[in-house]
Amino acid sequence: MWPKWALLTDLYQLTMVGGYVLDGKQEQWANFDYFFRRIPDDGGYCVLAGLADLIDYIRKLRFSTEDLSYLAGLKIFDREVLKYFENFKFTGDLWALPEGTVVFPHEPLIRVTAPLPEAQLIESTLLNIMNFQTLIATKAARLLWVANGNPVIDFGLRRAHGPDGALMASRAAYIGGVEGTSNVLAGRYYGIPVRGTHAHSWVESFPQELDAFRAYAKVYPDACLLLVDTYDTLSSGVPHAIQVAKELREQGHKLWGIRLDSGDLAYLSKEARRMLDEAGFPDAAIVASSDLDEWIVESLKRQGACVDIWGVGTRLVTSFSCPALGGVYKLTALDDGKGRMAPKIKRSDNPEKITNPGLKKLVRMYDQKGRMRGDVLFLDEEPVEKIGSFRAHHPMFPHVFKTYPRRFEKKALLMPVFQRGTLVYETPSIHSIRDHTLQSLNGLDPAYKRFRNPHTYHVSLSTTLFKTKQRLLRQTAKTEMAASQP
């Protein structure tokens with residue numbers, strides 16, 4: 001889908017690649033981890049999304065003749081660097097968690113091990129794709145949680161951040177659990193079910209509301225969903241919808257439902273439900289829209305709103321309450337020239353920004369009921385399968401740890417996607433990814449899903465990794481101290 005995205009990157013990625021090439025680092029391998037530090041909206045989890053589009057990007061990543069001409073025109077790249085761009089192809093390894101997996105801060109969600117220039121070049125686009133889609137999938141999952149069994153539909157195309165943003169948002173929202181989208185191109189391209197009704201303009205284009213409803217029912221007798229708030233919802237819209245429902249019944253069809261798009265949705269939905277039921281149409285669905293988000297849906301549910309389906313637009317596809325996921329891409333290991341990937345660490349006065357070094361694997365712990373009980377990072381060479389009961393450490397504080405019993409099931413989550421540049425992973429259908437999301441969320445205790453003060457899910461380090469991290473921190477501190485001496 002994204003064949004012309006070679007230049008969708010920050011200039012400093014290209015200048016660093018040029019520097020690596022001219023400095024003789026083309027064959028030096030490095031490892032970068034993609035992870036995020038904080039959960040949007042102070043939530044308890046995220047839902048990973050975007051991997052299929054990232055695979056597509058990496059697989060097709062080439063610099064066109066026009067791209068190379070533009071770069072040459074910048075007058076900052078040596079001829080050898082331009083030649084490197086001309087021949088570029090990703091030849092490294094990439095491991096990732098499956099899309100739809102519930103994830104948490106400081107976990108390596110994607111691990112890229114490749115020649116340093118290659119690993120560097122894909123950073124910006126990787127972050128663009130994964131941060132946005134993970135953000136929207138998480139928002140959708142939160143909506144699905146509070147809807148508590150009611151379907152949620154993506155209505156956000158017209159307010160999305162451009163055409164590409166609209167497509168990615170619809171895809172991510174479906175992965176997060178919404179049932180369908182109004183975005184027809186997303187339906188065609190991704191296979192997402194498409195949903196929709198009519199606008200107020202349809203009603204206004206007829207002499208009377210009843211004429212508009214009858215005309216729509218005539219054209220779509222088996223998919224008739226009527227927008228009832230153009231003029232007066234309870235005095236006009238719902239009564240006219242009921243009248244059309246009776247006419248449809250006489251013709252052997254039935255009214256699918258009504259949509260409310262303004263006003264007091266709790267009151268209007270309850271009154272509309274009463275009117276429909278009394279008229280003999282208890283199966284007619286009530287769809288609600290109008291700038292909804294998870295907090296509004298939660299409030300309406302508490303008020304007893306009689307809504308069967310939630311149409312959520314702007315606040316879903318733009319993640320209105322939290323506009324960005326702070327995902328980062330950090331160097332964690334580097335070829336030392338002796339055939340070994342030496343662990344690297346980023347030190348900071350802010351403990352949250354200190355990285356976890358080395359090539360790592362992510363292991364999820366499950367109890368006997370299949371509930372997720374915590375995640376543990378191990379160095380890649382650690383034989384996790386042979387470990388019985390073990391201690392897992394807080395990423396920074398040696399006195400904070402927890403012990404996992406032998407009886408807990410251990411599941412390594414990272415899987416190979418590219419090996420030496422060859423795609424070895426078969427991307428599942430978007431419907432399978434959505435199913436995986438729902439299964440992942442079912443394995444997460446409700447305490448982590450609540451909106452206010454959710455329980456903190458533990459992401460810990462193995463003893464070996466913890467000691468490696470502390471050793472590197474001591475070494476960097478000594479190096480900085482020595483460098484500061486006169």
# chains A, B, ... in the order shown; residues from 1 in each chain; ligands from 1
>>> residues_around(residues="stretch 177-188 of chain A", least_positions_apart="5", cutoff="7 Å", atoms="only C-alpha atoms", output="list in words")
Ala140, Ala141, Leu144, Pro151, Val152, Ile153, Asp154, Phe155, Leu157, Leu167, Ser170, Arg171, Pro193, Val194, Arg195, Gly196, Arg434 and Leu438 of chain A
>>> write_last_selection(atoms="N, CA and C atoms", output="PDB file, in the first residue's frame")
ATOM      1  N   ALA A 140     -10.139   2.359  20.720  1.00  0.00           N
ATOM      2  CA  ALA A 140     -11.270   1.517  20.346  1.00  0.00           C
ATOM      3  C   ALA A 140     -11.534   0.444  21.392  1.00  0.00           C
ATOM      4  N   ALA A 141     -10.476  -0.156  21.927  1.00  0.00           N
ATOM      5  CA  ALA A 141     -10.640  -1.197  22.945  1.00  0.00           C
ATOM      6  C   ALA A 141     -11.292  -0.635  24.204  1.00  0.00           C
ATOM      7  N   LEU A 144     -14.924  -0.281  23.483  1.00  0.00           N
ATOM      8  CA  LEU A 144     -15.579  -1.590  23.474  1.00  0.00           C
ATOM      9  C   LEU A 144     -15.825  -2.077  24.906  1.00  0.00           C
ATOM     10  N   PRO A 151     -22.320  -3.143  20.060  1.00  0.00           N
ATOM     11  CA  PRO A 151     -21.367  -2.874  18.984  1.00  0.00           C
ATOM     12  C   PRO A 151     -20.983  -1.397  18.934  1.00  0.00           C
ATOM     13  N   VAL A 152     -19.740  -1.142  18.510  1.00  0.00           N
ATOM     14  CA  VAL A 152     -19.239   0.217  18.280  1.00  0.00           C
ATOM     15  C   VAL A 152     -18.842   0.313  16.815  1.00  0.00           C
ATOM     16  N   ILE A 153     -19.239   1.413  16.154  1.00  0.00           N
ATOM     17  CA  ILE A 153     -18.939   1.630  14.740  1.00  0.00           C
ATOM     18  C   ILE A 153     -18.062   2.868  14.605  1.00  0.00           C
ATOM     19  N   ASP A 154     -17.061   2.789  13.721  1.00  0.00           N
ATOM     20  CA  ASP A 154     -16.192   3.929  13.423  1.00  0.00           C
ATOM     21  C   ASP A 154     -16.879   4.849  12.418  1.00  0.00           C
ATOM     22  N   PHE A 155     -17.180   6.085  12.856  1.00  0.00           N
ATOM     23  CA  PHE A 155     -17.799   7.086  11.992  1.00  0.00           C
ATOM     24  C   PHE A 155     -16.842   8.265  11.730  1.00  0.00           C
ATOM     25  N   LEU A 157     -14.307   9.174   9.477  1.00  0.00           N
ATOM     26  CA  LEU A 157     -13.603   9.557   8.251  1.00  0.00           C
ATOM     27  C   LEU A 157     -13.485  11.060   8.059  1.00  0.00           C
ATOM     28  N   LEU A 167      -7.538   6.040   6.759  1.00  0.00           N
ATOM     29  CA  LEU A 167      -7.418   4.611   6.485  1.00  0.00           C
ATOM     30  C   LEU A 167      -6.780   3.872   7.657  1.00  0.00           C
ATOM     31  N   SER A 170      -9.198   3.692  10.642  1.00  0.00           N
ATOM     32  CA  SER A 170     -10.259   2.691  10.487  1.00  0.00           C
ATOM     33  C   SER A 170      -9.709   1.288  10.704  1.00  0.00           C
ATOM     34  N   ARG A 171      -8.519   1.038  10.167  1.00  0.00           N
ATOM     35  CA  ARG A 171      -7.898  -0.280  10.351  1.00  0.00           C
ATOM     36  C   ARG A 171      -7.619  -0.547  11.832  1.00  0.00           C
ATOM     37  N   PRO A 193     -16.036  -4.583   7.638  1.00  0.00           N
ATOM     38  CA  PRO A 193     -17.452  -4.379   7.326  1.00  0.00           C
ATOM     39  C   PRO A 193     -17.801  -2.895   7.311  1.00  0.00           C
ATOM     40  N   VAL A 194     -18.576  -2.467   6.301  1.00  0.00           N
ATOM     41  CA  VAL A 194     -18.955  -1.062   6.193  1.00  0.00           C
ATOM     42  C   VAL A 194     -20.391  -0.880   6.676  1.00  0.00           C
ATOM     43  N   ARG A 195     -20.618   0.243   7.352  1.00  0.00           N
ATOM     44  CA  ARG A 195     -21.919   0.544   7.940  1.00  0.00           C
ATOM     45  C   ARG A 195     -22.275   2.005   7.656  1.00  0.00           C
ATOM     46  N   GLY A 196     -23.578   2.286   7.581  1.00  0.00           N
ATOM     47  CA  GLY A 196     -23.976   3.680   7.385  1.00  0.00           C
ATOM     48  C   GLY A 196     -25.473   3.831   7.216  1.00  0.00           C
ATOM     49  N   ARG A 434      -8.308  -8.992  14.910  1.00  0.00           N
ATOM     50  CA  ARG A 434      -9.353  -8.484  15.822  1.00  0.00           C
ATOM     51  C   ARG A 434      -9.725  -9.556  16.852  1.00  0.00           C
ATOM     52  N   LEU A 438      -9.516  -9.400  21.072  1.00  0.00           N
ATOM     53  CA  LEU A 438     -10.575  -9.735  22.023  1.00  0.00           C
ATOM     54  C   LEU A 438     -10.122 -10.829  22.982  1.00  0.00           C
TER      55      LEU A 438
END
>>> residues_around(residues="stretch 333-335 of chain A", least_positions_apart="4", cutoff="9 Å", atoms="only C-alpha atoms", output="compact mmCIF listing (two decimals) with N, CA and C atoms, in the first residue's frame")
# COMPACT_ATOMS: atom_id res chain seq x y z
N GLN A 28 28.36 -2.91 10.35
CA GLN A 28 28.25 -3.05 11.81
C GLN A 28 26.79 -3.22 12.18
N TRP A 29 26.49 -4.33 12.84
CA TRP A 29 25.10 -4.61 13.18
C TRP A 29 24.73 -3.95 14.51
N ALA A 30 23.46 -3.59 14.62
CA ALA A 30 22.95 -2.96 15.83
C ALA A 30 21.55 -3.49 16.12
N ASN A 31 21.15 -3.33 17.36
CA ASN A 31 19.77 -3.69 17.74
C ASN A 31 19.06 -2.47 18.29
N PHE A 32 17.85 -2.23 17.78
CA PHE A 32 16.99 -1.17 18.27
C PHE A 32 15.69 -1.79 18.78
N THR A 113 17.21 -5.94 14.42
CA THR A 113 18.64 -6.24 14.46
C THR A 113 19.13 -6.27 13.02
N LEU A 116 23.71 -1.20 10.91
CA LEU A 116 23.36 0.06 11.57
C LEU A 116 22.63 1.05 10.66
N GLY A 339 32.18 -10.40 16.97
CA GLY A 339 31.10 -11.35 16.79
C GLY A 339 30.11 -11.37 17.93
N ARG A 340 30.10 -10.32 18.72
CA ARG A 340 29.20 -10.26 19.89
C ARG A 340 28.39 -8.97 19.85
N MET A 341 27.13 -9.08 20.19
CA MET A 341 26.29 -7.89 20.29
C MET A 341 26.40 -7.37 21.72
N ALA A 342 27.18 -6.34 21.91
CA ALA A 342 27.42 -5.79 23.25
C ALA A 342 26.23 -4.94 23.68
N PRO A 343 25.71 -5.13 24.89
CA PRO A 343 24.56 -4.33 25.35
C PRO A 343 24.93 -2.87 25.50
N LYS A 344 23.98 -1.99 25.14
CA LYS A 344 24.15 -0.55 25.27
C LYS A 344 23.00 0.01 26.10
N ILE A 345 23.26 1.13 26.77
CA ILE A 345 22.23 1.71 27.63
C ILE A 345 22.20 3.23 27.46
N PRO A 357 19.00 -2.61 28.49
CA PRO A 357 20.01 -2.93 27.48
C PRO A 357 19.90 -4.34 26.91
N GLY A 358 20.59 -4.53 25.77
CA GLY A 358 20.77 -5.86 25.22
C GLY A 358 19.66 -6.34 24.30
N LEU A 359 19.91 -7.50 23.68
CA LEU A 359 18.87 -8.20 22.92
C LEU A 359 18.01 -8.97 23.93
>>> closest_residue(among="A:Ile76, A:Ala241, A:Val363, A:Cys224", to="A:Leu210", atoms="only C-alpha atoms")
A:Ala241
>>> select_by_dssp(residues="stretch 27-221 of chain A", states="alpha helix (DSSP H)", output="JSON list (two decimals) with C-alpha atoms, in the first residue's frame")
[["chain", "number", "residue", "atom", "x", "y", "z"],
["A", 51, "LEU", "CA", 2.56, -4.33, 12.07],
["A", 52, "ALA", "CA", 1.05, -5.31, 8.70],
["A", 53, "ASP", "CA", 1.54, -1.80, 7.32],
["A", 54, "LEU", "CA", 5.08, -1.72, 8.72],
["A", 55, "ILE", "CA", 5.86, -5.02, 6.97],
["A", 56, "ASP", "CA", 4.49, -3.62, 3.72],
["A", 57, "TYR", "CA", 6.64, -0.51, 4.09],
["A", 58, "ILE", "CA", 9.88, -2.40, 4.79],
["A", 59, "ARG", "CA", 9.26, -4.95, 2.07],
["A", 65, "THR", "CA", 14.98, 7.84, -9.48],
["A", 66, "GLU", "CA", 12.95, 10.90, -8.47],
["A", 67, "ASP", "CA", 13.85, 10.36, -4.80],
["A", 68, "LEU", "CA", 17.54, 10.16, -5.61],
["A", 69, "SER", "CA", 17.36, 13.25, -7.81],
["A", 70, "TYR", "CA", 15.74, 15.18, -4.97],
["A", 71, "LEU", "CA", 18.36, 14.04, -2.45],
["A", 72, "ALA", "CA", 21.18, 14.95, -4.83],
["A", 73, "GLY", "CA", 19.64, 18.39, -5.23],
["A", 79, "ARG", "CA", 28.12, 10.37, -4.17],
["A", 80, "GLU", "CA", 28.91, 7.21, -2.19],
["A", 81, "VAL", "CA", 25.93, 7.90, 0.09],
["A", 82, "LEU", "CA", 23.61, 8.44, -2.87],
["A", 83, "LYS", "CA", 24.83, 5.13, -4.30],
["A", 84, "TYR", "CA", 24.00, 3.46, -0.98],
["A", 85, "PHE", "CA", 20.46, 4.86, -1.15],
["A", 86, "GLU", "CA", 20.13, 3.71, -4.76],
["A", 116, "LEU", "CA", 23.36, 0.06, 11.57],
["A", 117, "PRO", "CA", 22.37, 2.25, 8.59],
["A", 118, "GLU", "CA", 19.39, 0.01, 7.75],
["A", 119, "ALA", "CA", 18.11, -0.12, 11.30],
["A", 120, "GLN", "CA", 18.47, 3.65, 11.55],
["A", 121, "LEU", "CA", 16.73, 4.43, 8.27],
["A", 123, "GLU", "CA", 13.01, 4.53, 12.53],
["A", 124, "SER", "CA", 10.78, 7.49, 11.68],
["A", 125, "THR", "CA", 8.27, 5.59, 9.55],
["A", 126, "LEU", "CA", 8.16, 2.70, 12.03],
["A", 127, "LEU", "CA", 7.29, 5.16, 14.79],
["A", 128, "ASN", "CA", 4.73, 6.94, 12.61],
["A", 129, "ILE", "CA", 2.88, 3.73, 11.74],
["A", 130, "MET", "CA", 3.07, 1.93, 15.08],
["A", 131, "ASN", "CA", 2.45, 4.89, 17.39],
["A", 132, "PHE", "CA", -0.68, 6.05, 15.59],
["A", 133, "GLN", "CA", -2.31, 2.69, 15.02],
["A", 134, "THR", "CA", -1.55, 1.48, 18.55],
["A", 135, "LEU", "CA", -3.06, 4.70, 19.90],
["A", 136, "ILE", "CA", -6.31, 4.28, 17.93],
["A", 137, "ALA", "CA", -6.61, 0.54, 18.59],
["A", 138, "THR", "CA", -6.27, 1.26, 22.30],
["A", 139, "LYS", "CA", -8.95, 3.94, 22.13],
["A", 140, "ALA", "CA", -11.27, 1.52, 20.35],
["A", 141, "ALA", "CA", -10.64, -1.20, 22.95],
["A", 142, "ARG", "CA", -11.55, 1.23, 25.73],
["A", 143, "LEU", "CA", -14.80, 2.09, 23.94],
["A", 144, "LEU", "CA", -15.58, -1.59, 23.47],
["A", 145, "TRP", "CA", -15.00, -2.23, 27.17],
["A", 146, "VAL", "CA", -17.41, 0.45, 28.33],
["A", 147, "ALA", "CA", -20.00, -0.39, 25.65],
["A", 162, "GLY", "CA", -6.06, 13.29, 6.14],
["A", 163, "PRO", "CA", -6.78, 10.34, 3.83],
["A", 164, "ASP", "CA", -3.90, 8.14, 5.05],
["A", 165, "GLY", "CA", -4.80, 8.92, 8.65],
["A", 166, "ALA", "CA", -8.40, 7.97, 7.96],
["A", 167, "LEU", "CA", -7.42, 4.61, 6.48],
["A", 168, "MET", "CA", -4.99, 3.76, 9.26],
["A", 169, "ALA", "CA", -7.48, 4.89, 11.91],
["A", 170, "SER", "CA", -10.26, 2.69, 10.49],
["A", 171, "ARG", "CA", -7.90, -0.28, 10.35],
["A", 172, "ALA", "CA", -6.64, 0.25, 13.89],
["A", 173, "ALA", "CA", -10.12, 0.85, 15.28],
["A", 174, "TYR", "CA", -11.29, -2.45, 13.82],
["A", 175, "ILE", "CA", -8.29, -4.23, 15.33],
["A", 176, "GLY", "CA", -9.22, -2.61, 18.64],
["A", 184, "VAL", "CA", -15.77, 2.60, 2.26],
["A", 185, "LEU", "CA", -12.15, 2.66, 1.08],
["A", 186, "ALA", "CA", -11.08, 1.03, 4.34],
["A", 187, "GLY", "CA", -13.78, -1.54, 3.77],
["A", 188, "ARG", "CA", -12.51, -2.29, 0.28],
["A", 189, "TYR", "CA", -8.82, -2.27, 1.11],
["A", 190, "TYR", "CA", -8.81, -3.98, 4.50],
["A", 200, "HIS", "CA", -29.89, 15.29, 7.73],
["A", 201, "SER", "CA", -29.50, 16.60, 4.17],
["A", 202, "TRP", "CA", -31.52, 13.62, 2.91],
["A", 203, "VAL", "CA", -34.44, 14.63, 5.10],
["A", 204, "GLU", "CA", -34.11, 18.32, 4.25],
["A", 209, "GLU", "CA", -39.75, 14.36, 6.96],
["A", 210, "LEU", "CA", -42.25, 11.56, 6.36],
["A", 211, "ASP", "CA", -41.68, 11.84, 2.60],
["A", 212, "ALA", "CA", -37.93, 11.45, 3.18],
["A", 213, "PHE", "CA", -38.36, 8.39, 5.39],
["A", 214, "ARG", "CA", -40.75, 6.73, 2.93],
["A", 215, "ALA", "CA", -38.39, 7.35, 0.04],
["A", 216, "TYR", "CA", -35.46, 5.87, 1.93],
["A", 217, "ALA", "CA", -37.49, 2.85, 2.97],
["A", 218, "LYS", "CA", -38.56, 2.30, -0.62],
["A", 219, "VAL", "CA", -34.95, 2.24, -1.82]]
>>> closest_residue(among="A:Val102, A:Ala199, A:Val328, A:Ala288", to="A:Phe36", atoms="only C-alpha atoms")
A:Val328
>>> atom_distance(atom1="atom CA of A:Leu265", atom2="atom CA of A:Leu300")
7.5 Å
>>> residues_around(residues="stretch 290-293 of chain A", least_positions_apart="2", cutoff="8 Å", atoms="only C-alpha atoms", output="PyMOL selection string")
chain A and resi 143+260-262+288+295-297+311-316
